[in-house]
Protein chains: 2
Amino acid sequence: MKLSSYSTEDKVLLAVDCIIFGFDGKNLKILLIKRNFEPEMGNWSLIGGFLKKEEHLDQAAIRILNHLTGLDNIFMEQFYTFSKVDRDPGERTISVAYYALIDIASRSSKPIQLNSAKWFPVKSAPPLIFDHGRMVQRAIDRLRYRAGTKPIGFELLPPKFTMRQLQTLYESILDQKLDKRNFINKVNSLDILIKLEEKDMTSSRKGSYLYQFDKEKYDAKVQNGFNFKI
Amino acid sequence: MKLSSYSTEDKVLLAVDCIIFGFDGKNLKILLIKRNFEPEMGNWSLIGGFLKKEEHLDQAAIRILNHLTGLDNIFMEQFYTFSKVDRDPGERTISVAYYALIDIASRSSKPIQLNSAKWFPVKSAPPLIFDHGRMVQRAIDRLRYRAGTKPIGFELLPPKFTMRQLQTLYESILDQKLDKRNFINKVNSLDILIKLEEKDMTSSRKGSYLYQFDKEKYDAKVQNGFNFKI
DNA sequence: CTTATAAGTGTGGCATATACACCAGTAAAA
DNA sequence: TTTTACTGGTGTATATGCCACACTTATAAG
């Protein structure tokens, strides 16, 4: 049975825009590109593209991110859909926004450079086209919330990281200083990190121990009702 | 200058579905309708419709809710966009989901009945069409979070309510018992309610004091950095 | 060659404030 | 008398802000 009950309804262009967060050990950053087509050619923009007919939004987000940066296997989460009628002066477009988390250090930066993409600290990013500025703000809000309730912070760090790096990361996400001792105690009490024998010697004479996120342990604890909270 | 840089991109049908939460003083409920067109005619469904070309999603949500229930001036929030390719067997459709909060008691139920809509306790709702069950679950998750961080609970209560009603509301949202004394202390410490002289005599011999949400006071406190938290 | 220094790392402790579970009694009015 | 509202308090655990110090080792100074 062929059904066409919706045939009289309007169809619209559906875009997907990605706020790509990265962490360089010091600051939380976002990846922006110089837009190379009208409207707003030459201005800073989020990475985006259009949903294809037979595609899930998550797939579209992955495809677009990969196509423009070469990155794959990245944590992404959809967080809001923007639909102001005149948000894109070119044509009426609704945009579903995703944020992505990547560890800047351990990714090759070649493909990113190819597309005239550039990292900016979130606190000093240039003006963006359309409503992309709003999108970024909302992405930060979501990131703050998520980082407090799910162990997604590790997506922004190398597989091995020091306590100090972890703390600095949270400080830049939350945009506030945290107490060193209390932070360590809290993280340790979660009991989801593996303390390695190795030390990172780049930051001090003494060197600081490296840690790894123990995903198996975390998953097991979640099964038993554990709730990440930081 | 006319621009048509997006002309080769696919367009899609964009639906808006609403999870309508209500509270009857005892249980958290959702409003469902019997679908009167194919596919899935006759089965329980969320209230929904399609976005029109020149319309903001928020407007579409308001229009759809009003059209099918007669309700207006309702708290609504968009929370997620669902896009599985085969989620609607009729035609490829992406759906932006909103939840709405209404006070069942103080709304006329006439227009609702006209559309064969019916309230169900969230804990014993019938199976729903498509992915609407998932939508409801996700709406509940969002409601739980929001009710803990914003004073939206009052949208589900009459303008004047008792402490016990407020507590019962939170208990049904969170699906867990709360300690009476601690709850009252916490709410009082927020200092955003007006205690009236009036009493509600329907629930007991003694009668319980009625309260009102003091929106002005709340807004003023927010200005000064206050954060609702319960 | 030996020793001192600098710069981070890692651990201890404490006072205060909040959160939370639990128990019990008084007041009002039909 | 009965029913429900409302108030009190307390002990415990946890969270949070703050202060201090010992440890390690590359590097520089003597």
# chains A, B, ... in the order shown; residues from 1 in each chain; ligands from 1
call {"tool": "residues_around", "arguments": {"residues": "region 15-26 of chain C", "least_positions_apart": "4", "cutoff": "12 Å", "atoms": "only C-alpha atoms (C1' of nucleotides)", "output": "list of chain:residue names"}}
result
B:Leu178, B:Asp179, B:Lys180, B:Arg181, B:Asn182, B:Phe183, B:Asn185, B:Lys186, B:Ile230, D:DA5, D:DC6, D:DT7, D:DG8, D:DG9, D:DT10, D:DG11, D:DT12, D:DA13, D:DT14, D:DA15, D:DT16, D:DG17, D:DC18, D:DC19
call {"tool": "interface_residues", "arguments": {"of": "chain A", "to": "chain B", "cutoff": "7 Å", "atoms": "only C-alpha atoms", "output": "list in words"}}
result
Leu3, Glu9, Asp10, Lys11, Val12, Leu13, Leu14, Phe50, Lys52, Lys53, Glu54, Glu55, His56, Leu57, Phe79, Tyr80, Ser83, Lys84, Val85 and Gly90 of chain A
call {"tool": "write_last_selection", "arguments": {"atoms": "N, CA and C atoms", "output": "short mmCIF file (atom, residue, chain, number, x, y, z; two decimals), in the first residue's frame"}}
result
data_model
loop_
_atom_site.label_atom_id
_atom_site.label_comp_id
_atom_site.auth_asym_id
_atom_site.auth_seq_id
_atom_site.Cartn_x
_atom_site.Cartn_y
_atom_site.Cartn_z
N LEU A 3 1.43 5.09 0.47
CA LEU A 3 0.79 6.13 1.26
C LEU A 3 1.36 7.49 0.89
N GLU A 9 2.45 18.63 2.43
CA GLU A 9 3.22 19.39 3.41
C GLU A 9 4.49 19.98 2.81
N ASP A 10 4.95 21.07 3.42
CA ASP A 10 6.17 21.72 2.95
C ASP A 10 7.40 20.88 3.29
N LYS A 11 8.39 20.97 2.41
CA LYS A 11 9.69 20.37 2.73
C LYS A 11 10.71 21.47 2.89
N VAL A 12 11.71 21.19 3.70
CA VAL A 12 12.70 22.23 3.97
C VAL A 12 14.12 21.69 3.87
N LEU A 13 15.06 22.61 3.76
CA LEU A 13 16.47 22.25 3.79
C LEU A 13 16.89 22.03 5.23
N LEU A 14 17.56 20.93 5.47
CA LEU A 14 18.00 20.65 6.83
C LEU A 14 19.53 20.61 6.86
N PHE A 50 24.65 19.68 4.57
CA PHE A 50 23.21 19.39 4.51
C PHE A 50 22.93 17.91 4.68
N LYS A 52 21.29 14.51 3.85
CA LYS A 52 20.83 13.87 2.62
C LYS A 52 19.55 13.08 2.90
N LYS A 53 18.84 12.85 1.82
CA LYS A 53 17.50 12.26 1.96
C LYS A 53 17.48 11.00 2.81
N GLU A 54 18.38 10.10 2.56
CA GLU A 54 18.30 8.80 3.22
C GLU A 54 19.39 8.63 4.27
N GLU A 55 19.45 9.58 5.14
CA GLU A 55 20.55 9.62 6.09
C GLU A 55 20.03 10.01 7.47
N HIS A 56 20.58 9.36 8.48
CA HIS A 56 20.29 9.75 9.86
C HIS A 56 21.11 11.00 10.16
N LEU A 57 20.57 11.86 11.02
CA LEU A 57 21.31 13.09 11.35
C LEU A 57 22.69 12.79 11.93
N PHE A 79 22.54 18.59 20.05
CA PHE A 79 22.04 19.30 21.23
C PHE A 79 20.91 20.29 20.99
N TYR A 80 20.74 20.78 19.78
CA TYR A 80 19.61 21.68 19.58
C TYR A 80 19.38 21.93 18.09
N SER A 83 16.00 27.30 14.12
CA SER A 83 15.03 27.40 13.02
C SER A 83 14.51 28.80 12.76
N LYS A 84 15.21 29.82 13.22
CA LYS A 84 14.72 31.16 12.91
C LYS A 84 14.56 31.31 11.41
N VAL A 85 13.47 31.91 10.99
CA VAL A 85 13.12 31.92 9.57
C VAL A 85 14.22 32.55 8.72
N GLY A 90 20.68 33.18 2.71
CA GLY A 90 20.71 32.57 1.39
C GLY A 90 19.39 31.89 1.07
#
call {"tool": "atom_distance", "arguments": {"atom1": "CA of Thr149 (chain B)", "atom2": "CA of Asp141 (chain A)"}}
result
13.2 Å
call {"tool": "atom_distance", "arguments": {"atom1": "CA of Leu193 (chain B)", "atom2": "CA of Gly207 (chain B)"}}
result
18.4 Å
call {"tool": "closest_atom_pairs", "arguments": {"of": "chain D", "to": "chain A", "cutoff": "7 Å", "atoms": "only C-alpha atoms (C1' of nucleotides)", "output": "Markdown table"}}
result
| residue | atom | partner | partner_atom | distance |
| --- | --- | --- | --- | --- |
| D:DT24 | C1' | A:Lys206 | CA | 4.2 |
| D:DT25 | C1' | A:Arg205 | CA | 4.9 |
| D:DA26 | C1' | A:Arg205 | CA | 5.8 |
call {"tool": "write_last_selection", "arguments": {"atoms": "N, CA and C atoms (P, O5', C5', C4', C3', O3' and C1' of nucleotides)", "output": "short mmCIF file (atom, residue, chain, number, x, y, z; two decimals), in the first residue's frame"}}
result
data_model
loop_
_atom_site.label_atom_id
_atom_site.label_comp_id
_atom_site.auth_asym_id
_atom_site.auth_seq_id
_atom_site.Cartn_x
_atom_site.Cartn_y
_atom_site.Cartn_z
P DT D 24 61.15 11.40 46.93
"O5'" DT D 24 61.45 12.03 45.50
"C5'" DT D 24 60.44 11.98 44.49
"C4'" DT D 24 60.82 12.87 43.34
"C3'" DT D 24 62.25 12.67 42.82
"O3'" DT D 24 62.18 12.34 41.45
"C1'" DT D 24 61.74 14.98 43.08
P DT D 25 63.35 11.47 40.80
"O5'" DT D 25 64.10 12.58 39.96
"C5'" DT D 25 63.40 13.26 38.90
"C4'" DT D 25 64.10 14.55 38.56
"C3'" DT D 25 65.62 14.42 38.33
"O3'" DT D 25 65.96 15.20 37.21
"C1'" DT D 25 65.19 16.16 39.80
P DA D 26 66.84 14.53 36.04
"O5'" DA D 26 66.91 15.73 34.99
"C5'" DA D 26 65.70 16.27 34.46
"C4'" DA D 26 65.80 17.78 34.34
"C3'" DA D 26 67.06 18.28 33.64
"O3'" DA D 26 66.72 19.41 32.84
"C1'" DA D 26 66.99 19.12 35.87
#
call {"tool": "interface_residues", "arguments": {"of": "chain C", "to": "chain A", "cutoff": "9 Å", "atoms": "only C-alpha atoms (C1' of nucleotides)", "output": "list in words"}}
result
DA7, DG8, DT9, DG10 and DT11 of chain C
call {"tool": "select_by_dssp", "arguments": {"residues": "region 25-62 of chain A", "states": "strand (DSSP E or B)", "output": "PDB file with C-alpha atoms, in the first residue's frame"}}
result
ATOM      1  CA  LEU A  28      39.290  24.992  25.460  1.00  0.00           C
ATOM      2  CA  LYS A  29      39.135  25.743  21.760  1.00  0.00           C
ATOM      3  CA  ILE A  30      36.784  25.524  18.824  1.00  0.00           C
ATOM      4  CA  LEU A  31      37.572  24.766  15.228  1.00  0.00           C
ATOM      5  CA  LEU A  32      36.328  27.301  12.670  1.00  0.00           C
ATOM      6  CA  ILE A  33      36.636  27.603   8.921  1.00  0.00           C
ATOM      7  CA  LYS A  34      36.664  30.476   6.498  1.00  0.00           C
ATOM      8  CA  TRP A  44      34.360  32.557  10.039  1.00  0.00           C
ATOM      9  CA  SER A  45      31.869  29.794  10.287  1.00  0.00           C
ATOM     10  CA  ILE A  47      31.663  23.377   9.947  1.00  0.00           C
ATOM     11  CA  GLY A  48      28.410  22.346   8.366  1.00  0.00           C
ATOM     12  CA  GLY A  49      26.596  20.683   5.546  1.00  0.00           C
ATOM     13  CA  PHE A  50      23.215  19.394   4.512  1.00  0.00           C
TER      14      PHE A  50
END
call {"tool": "select_by_dssp", "arguments": {"residues": "region 97-206 of chain B", "states": "helix (DSSP H, G or I)", "output": "PyMOL selection string"}}
result
chain B and resi 110-114+122-124+132-149+153-156+163-174+180-190
call {"tool": "write_last_selection", "arguments": {"atoms": "N, CA and C atoms", "output": "short mmCIF file (atom, residue, chain, number, x, y, z; two decimals), in the first residue's frame"}}
result
data_model
loop_
_atom_site.label_atom_id
_atom_site.label_comp_id
_atom_site.auth_asym_id
_atom_site.auth_seq_id
_atom_site.Cartn_x
_atom_site.Cartn_y
_atom_site.Cartn_z
N LYS B 110 -12.71 20.64 27.55
CA LYS B 110 -13.59 20.46 26.40
C LYS B 110 -12.82 20.26 25.10
N PRO B 111 -11.96 21.21 24.76
CA PRO B 111 -11.30 21.07 23.45
C PRO B 111 -10.47 19.80 23.36
N ILE B 112 -9.97 19.38 24.49
CA ILE B 112 -9.16 18.17 24.48
C ILE B 112 -10.02 16.97 24.12
N GLN B 113 -11.20 16.90 24.73
CA GLN B 113 -12.07 15.76 24.47
C GLN B 113 -12.51 15.68 23.02
N LEU B 114 -12.64 16.86 22.40
CA LEU B 114 -13.10 16.89 21.01
C LEU B 114 -12.20 16.08 20.10
N VAL B 122 2.12 8.60 33.11
CA VAL B 122 3.31 8.24 32.34
C VAL B 122 3.76 6.82 32.65
N LYS B 123 3.45 6.36 33.85
CA LYS B 123 3.91 5.03 34.24
C LYS B 123 3.04 3.92 33.67
N SER B 124 1.91 4.25 33.10
CA SER B 124 1.07 3.20 32.53
C SER B 124 0.43 3.68 31.23
N HIS B 132 7.61 7.17 19.10
CA HIS B 132 7.06 8.09 20.10
C HIS B 132 7.34 7.65 21.53
N GLY B 133 7.47 6.35 21.73
CA GLY B 133 7.82 5.86 23.07
C GLY B 133 9.18 6.36 23.50
N ARG B 134 10.13 6.28 22.59
CA ARG B 134 11.46 6.82 22.87
C ARG B 134 11.42 8.30 23.17
N MET B 135 10.61 8.99 22.39
CA MET B 135 10.49 10.44 22.59
C MET B 135 10.01 10.74 24.00
N VAL B 136 9.03 9.99 24.44
CA VAL B 136 8.48 10.22 25.77
C VAL B 136 9.56 9.99 26.82
N GLN B 137 10.30 8.90 26.66
CA GLN B 137 11.34 8.62 27.65
C GLN B 137 12.35 9.76 27.72
N ARG B 138 12.72 10.23 26.55
CA ARG B 138 13.71 11.30 26.52
C ARG B 138 13.13 12.59 27.08
N ALA B 139 11.85 12.80 26.86
CA ALA B 139 11.19 13.99 27.40
C ALA B 139 11.19 13.94 28.93
N ILE B 140 10.95 12.75 29.45
CA ILE B 140 10.96 12.60 30.91
C ILE B 140 12.34 12.91 31.47
N ASP B 141 13.35 12.38 30.79
CA ASP B 141 14.72 12.67 31.23
C ASP B 141 14.97 14.17 31.28
N ARG B 142 14.56 14.85 30.22
CA ARG B 142 14.78 16.28 30.18
C ARG B 142 13.97 16.99 31.25
N LEU B 143 12.74 16.57 31.41
CA LEU B 143 11.88 17.19 32.43
C LEU B 143 12.51 17.05 33.81
N ARG B 144 13.05 15.87 34.09
CA ARG B 144 13.69 15.65 35.39
C ARG B 144 14.83 16.61 35.61
N TYR B 145 15.64 16.75 34.61
CA TYR B 145 16.78 17.64 34.72
C TYR B 145 16.31 19.08 34.89
N ARG B 146 15.41 19.50 34.04
CA ARG B 146 14.95 20.88 34.08
C ARG B 146 14.26 21.22 35.39
N ALA B 147 13.44 20.31 35.85
CA ALA B 147 12.71 20.58 37.09
C ALA B 147 13.68 20.74 38.25
N GLY B 148 14.86 20.21 38.12
CA GLY B 148 15.85 20.34 39.17
C GLY B 148 16.64 21.63 39.08
N THR B 149 16.61 22.28 37.93
CA THR B 149 17.45 23.46 37.76
C THR B 149 16.69 24.73 37.40
N GLY B 153 8.40 23.54 37.53
CA GLY B 153 7.39 22.70 38.15
C GLY B 153 6.07 23.43 38.32
N PHE B 154 6.15 24.71 38.59
CA PHE B 154 4.94 25.48 38.86
C PHE B 154 4.01 25.54 37.66
N GLU B 155 4.57 25.29 36.46
CA GLU B 155 3.72 25.26 35.27
C GLU B 155 2.72 24.12 35.32
N LEU B 156 3.04 23.13 36.12
CA LEU B 156 2.18 21.95 36.20
C LEU B 156 1.15 22.06 37.33
N MET B 163 2.12 22.96 49.84
CA MET B 163 3.44 22.34 49.89
C MET B 163 3.36 20.87 49.51
N ARG B 164 2.30 20.24 50.01
CA ARG B 164 2.18 18.82 49.74
C ARG B 164 2.00 18.52 48.27
N GLN B 165 1.24 19.40 47.59
CA GLN B 165 1.07 19.21 46.15
C GLN B 165 2.40 19.36 45.43
N LEU B 166 3.15 20.36 45.86
CA LEU B 166 4.44 20.60 45.23
C LEU B 166 5.36 19.39 45.43
N GLN B 167 5.34 18.88 46.65
CA GLN B 167 6.19 17.72 46.92
C GLN B 167 5.75 16.51 46.11
N THR B 168 4.44 16.28 46.09
CA THR B 168 3.92 15.14 45.31
C THR B 168 4.29 15.28 43.84
N LEU B 169 4.24 16.51 43.34
CA LEU B 169 4.63 16.75 41.96
C LEU B 169 6.08 16.33 41.72
N TYR B 170 6.96 16.80 42.59
CA TYR B 170 8.37 16.45 42.41
C TYR B 170 8.59 14.96 42.58
N GLU B 171 7.86 14.38 43.49
CA GLU B 171 8.00 12.94 43.67
C GLU B 171 7.59 12.19 42.42
N SER B 172 6.55 12.67 41.75
CA SER B 172 6.11 11.93 40.56
C SER B 172 7.01 12.24 39.36
N ILE B 173 7.60 13.42 39.34
CA ILE B 173 8.55 13.70 38.26
C ILE B 173 9.81 12.86 38.44
N LEU B 174 10.31 12.84 39.67
CA LEU B 174 11.56 12.12 39.93
C LEU B 174 11.33 10.63 40.15
N LYS B 180 9.62 14.66 53.75
CA LYS B 180 8.74 15.81 53.86
C LYS B 180 9.46 17.03 54.43
N ARG B 181 10.09 16.83 55.57
CA ARG B 181 10.72 17.94 56.26
C ARG B 181 11.86 18.55 55.43
N ASN B 182 12.68 17.69 54.92
CA ASN B 182 13.81 18.20 54.13
C ASN B 182 13.32 18.95 52.90
N PHE B 183 12.27 18.42 52.30
CA PHE B 183 11.75 19.08 51.10
C PHE B 183 11.26 20.49 51.43
N ILE B 184 10.47 20.60 52.50
CA ILE B 184 9.95 21.91 52.90
C ILE B 184 11.10 22.86 53.20
N ASN B 185 12.06 22.38 53.95
CA ASN B 185 13.20 23.23 54.28
C ASN B 185 13.90 23.72 53.02
N LYS B 186 14.09 22.80 52.11
CA LYS B 186 14.80 23.18 50.88
C LYS B 186 14.01 24.22 50.11
N VAL B 187 12.74 23.98 49.93
CA VAL B 187 11.92 24.92 49.18
C VAL B 187 11.90 26.28 49.87
N ASN B 188 11.72 26.27 51.17
CA ASN B 188 11.69 27.54 51.89
C ASN B 188 13.02 28.29 51.77
N SER B 189 14.10 27.53 51.76
CA SER B 189 15.40 28.20 51.69
C SER B 189 15.60 28.90 50.34
N LEU B 190 14.87 28.44 49.32
CA LEU B 190 14.98 29.10 48.02
C LEU B 190 14.38 30.50 48.09
#
call {"tool": "atom_distance", "arguments": {"atom1": "CA of Ile62 (chain B)", "atom2": "CA of Asp88 (chain B)"}}
result
22.3 Å
